[in-house]
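Only one structure is covered here, and it is reproduced in the block below.
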Amino acid sequence: MTAPVEVDLPHKLGQAEARRRVEQGFGKLAGWIPGGQVSRHAWEGDTLHFTVEAMGQRVDARLDVRETSVHARLELPAMLGMFAGQIQAALKANGPKLLE
């Protein structure tokens with residue numbers, strides 16, 4: 001495993017509305033990983049755990065929905081580690097769209 005990719009996405013929606021929007025839009029994250037598709041997802045409190053399948057690899061991810069931010073954490077397997085910088089940049093640039 002490589003170091004996880006982590007990004008905080010600030011918002012002013014409040015926790016309940018942010019969670020609703022994350023539920024509607026989290027599948028977009030898979031598109032930011034080359035060849036990615038969401039294969040499973042489950043809520044545990046205000047944390048969404050999901051798996052993205054990409055290039056024959058599994059990426060375990062979670063979104064912690066907080067009152068003023070959503071913390072995204074993706075655990076990349078070694079094969080996808082070379083894309084960590086690109087994935088982090090995509091999360092920072094496009095992550096706020098999850099909350100629109």
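All residue names refer to the structure tokens as shown: chains lettered A, B, ... in order, residues numbered from 1 in each chain, ligands numbered from 1 in order.
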
Using DSSP secondary structure from the backbone, list all helix (DSSP H, G or I) positions within range 3-99 of chain A, as a ChimeraX atom specification. /A:15-32,78-99

Residue neighbourhood Leu29 in chain A, 12 Å, only C-alpha atoms, exclusion window fewer than 6 positions, as a CSV table (one decimal) with all heavy atoms, in the first residue's frame:
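As a result, result-v4.csv now contains:
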chain,number,residue,atom,x,y,z
A,22,VAL,N,-23.5,14.2,-0.5
A,22,VAL,CA,-22.5,13.2,-0.7
A,22,VAL,C,-23.2,11.9,-1.2
A,22,VAL,O,-22.7,11.3,-2.1
A,22,VAL,CB,-21.7,13.0,0.6
A,22,VAL,CG1,-20.9,11.7,0.6
A,22,VAL,CG2,-20.8,14.1,0.9
A,23,GLU,N,-24.3,11.6,-0.5
A,23,GLU,CA,-25.0,10.3,-0.9
A,23,GLU,C,-25.4,10.4,-2.4
A,23,GLU,O,-25.3,9.4,-3.1
A,23,GLU,CB,-26.3,10.2,-0.1
A,23,GLU,CG,-27.1,9.0,-0.5
A,23,GLU,CD,-26.5,7.6,-0.2
A,23,GLU,OE1,-25.8,7.5,0.8
A,23,GLU,OE2,-26.7,6.7,-1.1
A,35,GLY,N,-10.4,4.4,-15.1
A,35,GLY,CA,-11.1,3.2,-15.3
A,35,GLY,C,-11.9,2.8,-14.0
A,35,GLY,O,-12.4,1.7,-13.9
A,36,GLY,N,-12.2,3.8,-13.1
A,36,GLY,CA,-12.8,3.5,-11.8
A,36,GLY,C,-14.3,3.3,-11.9
A,36,GLY,O,-15.0,4.0,-12.6
A,37,GLN,N,-14.8,2.4,-11.1
A,37,GLN,CA,-16.3,2.1,-10.9
A,37,GLN,C,-16.5,1.8,-9.4
A,37,GLN,O,-15.7,1.0,-8.8
A,37,GLN,CB,-16.8,1.0,-11.7
A,37,GLN,CG,-16.7,1.3,-13.2
A,37,GLN,CD,-17.3,0.1,-14.0
A,37,GLN,OE1,-17.9,-0.8,-13.4
A,37,GLN,NE2,-17.2,0.2,-15.3
A,38,VAL,N,-17.5,2.3,-8.8
A,38,VAL,CA,-17.9,2.0,-7.4
A,38,VAL,C,-18.5,0.6,-7.4
A,38,VAL,O,-19.4,0.2,-8.1
A,38,VAL,CB,-18.9,3.0,-6.8
A,38,VAL,CG1,-19.3,2.5,-5.4
A,38,VAL,CG2,-18.3,4.4,-6.8
A,50,PHE,N,-16.6,3.1,0.9
A,50,PHE,CA,-16.9,2.6,-0.4
A,50,PHE,C,-15.6,2.1,-1.1
A,50,PHE,O,-14.5,2.4,-0.7
A,50,PHE,CB,-17.7,3.6,-1.3
A,50,PHE,CG,-16.9,4.8,-1.6
A,50,PHE,CD1,-16.3,5.0,-2.9
A,50,PHE,CD2,-16.9,5.9,-0.7
A,50,PHE,CE1,-15.6,6.2,-3.2
A,50,PHE,CE2,-16.3,7.1,-1.0
A,50,PHE,CZ,-15.6,7.2,-2.2
A,51,THR,N,-15.8,1.2,-2.1
A,51,THR,CA,-14.7,0.6,-2.8
A,51,THR,C,-14.9,1.0,-4.3
A,51,THR,O,-15.9,0.9,-4.8
A,51,THR,CB,-14.7,-0.9,-2.7
A,51,THR,OG1,-14.6,-1.2,-1.3
A,51,THR,CG2,-13.6,-1.6,-3.4
A,52,VAL,N,-13.8,1.4,-4.8
A,52,VAL,CA,-13.7,1.7,-6.3
A,52,VAL,C,-12.8,0.6,-6.9
A,52,VAL,O,-11.7,0.4,-6.4
A,52,VAL,CB,-13.1,3.1,-6.5
A,52,VAL,CG1,-13.0,3.3,-8.0
A,52,VAL,CG2,-14.0,4.2,-5.9
A,53,GLU,N,-13.3,0.0,-7.9
A,53,GLU,CA,-12.5,-1.0,-8.7
A,53,GLU,C,-11.9,-0.2,-9.9
A,53,GLU,O,-12.7,0.5,-10.6
A,53,GLU,CB,-13.4,-2.1,-9.2
A,53,GLU,CG,-14.2,-2.8,-8.1
A,53,GLU,CD,-13.4,-3.9,-7.4
A,53,GLU,OE1,-12.3,-4.3,-7.9
A,53,GLU,OE2,-13.8,-4.2,-6.3
A,54,ALA,N,-10.6,-0.3,-10.1
A,54,ALA,CA,-9.9,0.4,-11.2
A,54,ALA,C,-8.7,-0.3,-11.6
A,54,ALA,O,-7.9,-0.7,-10.8
A,54,ALA,CB,-9.5,1.8,-10.7
A,59,VAL,N,-9.6,0.2,-4.6
A,59,VAL,CA,-9.3,1.4,-3.8
A,59,VAL,C,-10.4,1.5,-2.8
A,59,VAL,O,-11.6,1.6,-3.0
A,59,VAL,CB,-9.3,2.7,-4.7
A,59,VAL,CG1,-9.1,3.9,-3.9
A,59,VAL,CG2,-8.3,2.6,-5.9
A,60,ASP,N,-10.0,1.4,-1.5
A,60,ASP,CA,-10.9,1.6,-0.4
A,60,ASP,C,-10.9,3.0,0.0
A,60,ASP,O,-9.9,3.7,0.1
A,60,ASP,CB,-10.4,0.7,0.8
A,60,ASP,CG,-10.6,-0.7,0.6
A,60,ASP,OD1,-11.6,-1.1,0.0
A,60,ASP,OD2,-9.7,-1.5,0.9
A,61,ALA,N,-12.1,3.6,0.1
A,61,ALA,CA,-12.3,5.0,0.3
A,61,ALA,C,-13.3,5.3,1.4
A,61,ALA,O,-14.1,4.4,1.7
A,61,ALA,CB,-12.7,5.7,-1.0
A,62,ARG,N,-13.2,6.4,2.0
A,62,ARG,CA,-14.2,6.8,3.0
A,62,ARG,C,-14.3,8.3,2.9
A,62,ARG,O,-13.4,9.1,2.6
A,62,ARG,CB,-13.9,6.3,4.4
A,62,ARG,CG,-12.7,7.0,5.0
A,62,ARG,CD,-12.4,6.3,6.3
A,62,ARG,NE,-12.4,7.3,7.4
A,62,ARG,CZ,-12.0,7.1,8.6
A,62,ARG,NH1,-11.6,5.9,8.9
A,62,ARG,NH2,-12.0,8.0,9.5
A,63,LEU,N,-15.5,8.8,3.2
A,63,LEU,CA,-15.9,10.2,3.3
A,63,LEU,C,-16.5,10.4,4.7
A,63,LEU,O,-17.5,9.9,5.0
A,63,LEU,CB,-16.9,10.6,2.2
A,63,LEU,CG,-16.4,10.4,0.7
A,63,LEU,CD1,-17.6,10.7,-0.2
A,63,LEU,CD2,-15.2,11.3,0.4
A,72,ALA,N,-12.0,13.3,2.8
A,72,ALA,CA,-11.9,12.2,1.9
A,72,ALA,C,-10.6,11.5,2.2
A,72,ALA,O,-9.6,12.2,2.3
A,72,ALA,CB,-12.0,12.7,0.5
A,73,ARG,N,-10.7,10.2,2.2
A,73,ARG,CA,-9.4,9.4,2.4
A,73,ARG,C,-9.5,8.2,1.4
A,73,ARG,O,-10.5,7.4,1.5
A,73,ARG,CB,-9.3,8.9,3.8
A,73,ARG,CG,-8.1,8.0,4.1
A,73,ARG,CD,-8.1,7.6,5.5
A,73,ARG,NE,-7.0,6.6,5.7
A,73,ARG,CZ,-5.9,6.9,6.4
A,73,ARG,NH1,-5.7,8.1,6.9
A,73,ARG,NH2,-4.9,5.9,6.5
A,74,LEU,N,-8.5,8.0,0.6
A,74,LEU,CA,-8.5,6.9,-0.4
A,74,LEU,C,-7.2,6.1,-0.1
A,74,LEU,O,-6.1,6.7,-0.1
A,74,LEU,CB,-8.5,7.4,-1.8
A,74,LEU,CG,-9.8,7.9,-2.4
A,74,LEU,CD1,-10.1,9.3,-1.8
A,74,LEU,CD2,-9.7,8.0,-3.9
A,87,ILE,N,-4.8,12.1,-8.5
A,87,ILE,CA,-6.1,11.8,-7.8
A,87,ILE,C,-6.3,12.9,-6.7
A,87,ILE,O,-7.4,13.4,-6.6
A,87,ILE,CB,-6.1,10.4,-7.2
A,87,ILE,CG1,-6.1,9.4,-8.3
A,87,ILE,CG2,-7.3,10.2,-6.3
A,87,ILE,CD1,-5.8,8.0,-7.9
A,88,GLN,N,-5.3,13.2,-6.0
A,88,GLN,CA,-5.4,14.3,-5.0
A,88,GLN,C,-5.8,15.6,-5.6
A,88,GLN,O,-6.6,16.3,-5.1
A,88,GLN,CB,-4.1,14.4,-4.1
A,88,GLN,CG,-4.3,15.3,-3.0
A,88,GLN,CD,-3.1,15.3,-2.1
A,88,GLN,OE1,-1.9,15.3,-2.6
A,88,GLN,NE2,-3.3,15.3,-0.8
A,90,ALA,N,-7.3,16.1,-8.4
A,90,ALA,CA,-8.7,16.0,-8.9
A,90,ALA,C,-9.7,16.1,-7.7
A,90,ALA,O,-10.7,16.8,-7.9
A,90,ALA,CB,-9.0,14.7,-9.6
A,91,LEU,N,-9.4,15.6,-6.6
A,91,LEU,CA,-10.2,15.7,-5.4
A,91,LEU,C,-10.3,17.2,-5.0
A,91,LEU,O,-11.4,17.7,-4.6
A,91,LEU,CB,-9.7,14.8,-4.3
A,91,LEU,CG,-10.1,13.4,-4.3
A,91,LEU,CD1,-9.3,12.6,-3.2
A,91,LEU,CD2,-11.6,13.2,-4.1
A,92,LYS,N,-9.2,17.8,-4.9
A,92,LYS,CA,-9.2,19.2,-4.5
A,92,LYS,C,-9.9,20.1,-5.5
A,92,LYS,O,-10.7,21.0,-5.1
A,92,LYS,CB,-7.7,19.7,-4.4
A,92,LYS,CG,-7.0,19.2,-3.1
A,92,LYS,CD,-5.6,19.7,-3.1
A,92,LYS,CE,-4.9,19.2,-1.8
A,92,LYS,NZ,-3.5,19.7,-1.8
A,93,ALA,N,-9.8,19.9,-6.8
A,93,ALA,CA,-10.4,20.7,-7.8
A,93,ALA,C,-11.9,20.4,-8.0
A,93,ALA,O,-12.7,21.3,-8.1
A,93,ALA,CB,-9.7,20.5,-9.1
A,94,ASN,N,-12.2,19.1,-8.0
A,94,ASN,CA,-13.6,18.7,-8.3
A,94,ASN,C,-14.4,18.3,-7.1
A,94,ASN,O,-15.6,18.1,-7.2
A,94,ASN,CB,-13.5,17.5,-9.3
A,94,ASN,CG,-12.9,17.9,-10.6
A,94,ASN,OD1,-13.1,19.0,-11.1
A,94,ASN,ND2,-12.0,17.1,-11.1
A,95,GLY,N,-13.7,18.0,-6.0
A,95,GLY,CA,-14.4,17.6,-4.8
A,95,GLY,C,-15.6,18.5,-4.3
A,95,GLY,O,-16.7,18.0,-4.0
A,96,PRO,N,-15.4,19.8,-4.4
A,96,PRO,CA,-16.5,20.6,-4.0
A,96,PRO,C,-17.8,20.4,-4.9
A,96,PRO,O,-18.9,20.7,-4.4
A,96,PRO,CB,-16.0,22.0,-4.2
A,96,PRO,CG,-14.5,21.9,-4.0
A,96,PRO,CD,-14.2,20.5,-4.6
A,97,LYS,N,-17.7,19.8,-6.1
A,97,LYS,CA,-18.8,19.5,-6.9
A,97,LYS,C,-19.7,18.5,-6.3
A,97,LYS,O,-20.9,18.4,-6.6
A,97,LYS,CB,-18.4,19.1,-8.3
A,97,LYS,CG,-17.7,20.2,-9.1
A,97,LYS,CD,-17.2,19.8,-10.4
A,97,LYS,CE,-16.5,20.9,-11.1
A,97,LYS,NZ,-15.9,20.4,-12.4
A,98,LEU,N,-19.1,17.6,-5.4
A,98,LEU,CA,-19.9,16.6,-4.7
A,98,LEU,C,-20.9,17.2,-3.8
A,98,LEU,O,-21.9,16.6,-3.5
A,98,LEU,CB,-19.0,15.7,-3.8
A,98,LEU,CG,-18.0,14.8,-4.5
A,98,LEU,CD1,-17.1,14.2,-3.4
A,98,LEU,CD2,-18.8,13.7,-5.2

I need the residues of chain A that end up classed as strand (DSSP E or B) by DSSP on the backbone, written out as a ChimeraX atom specification. /A:5-10,37-44,47-54,57-65,69-75
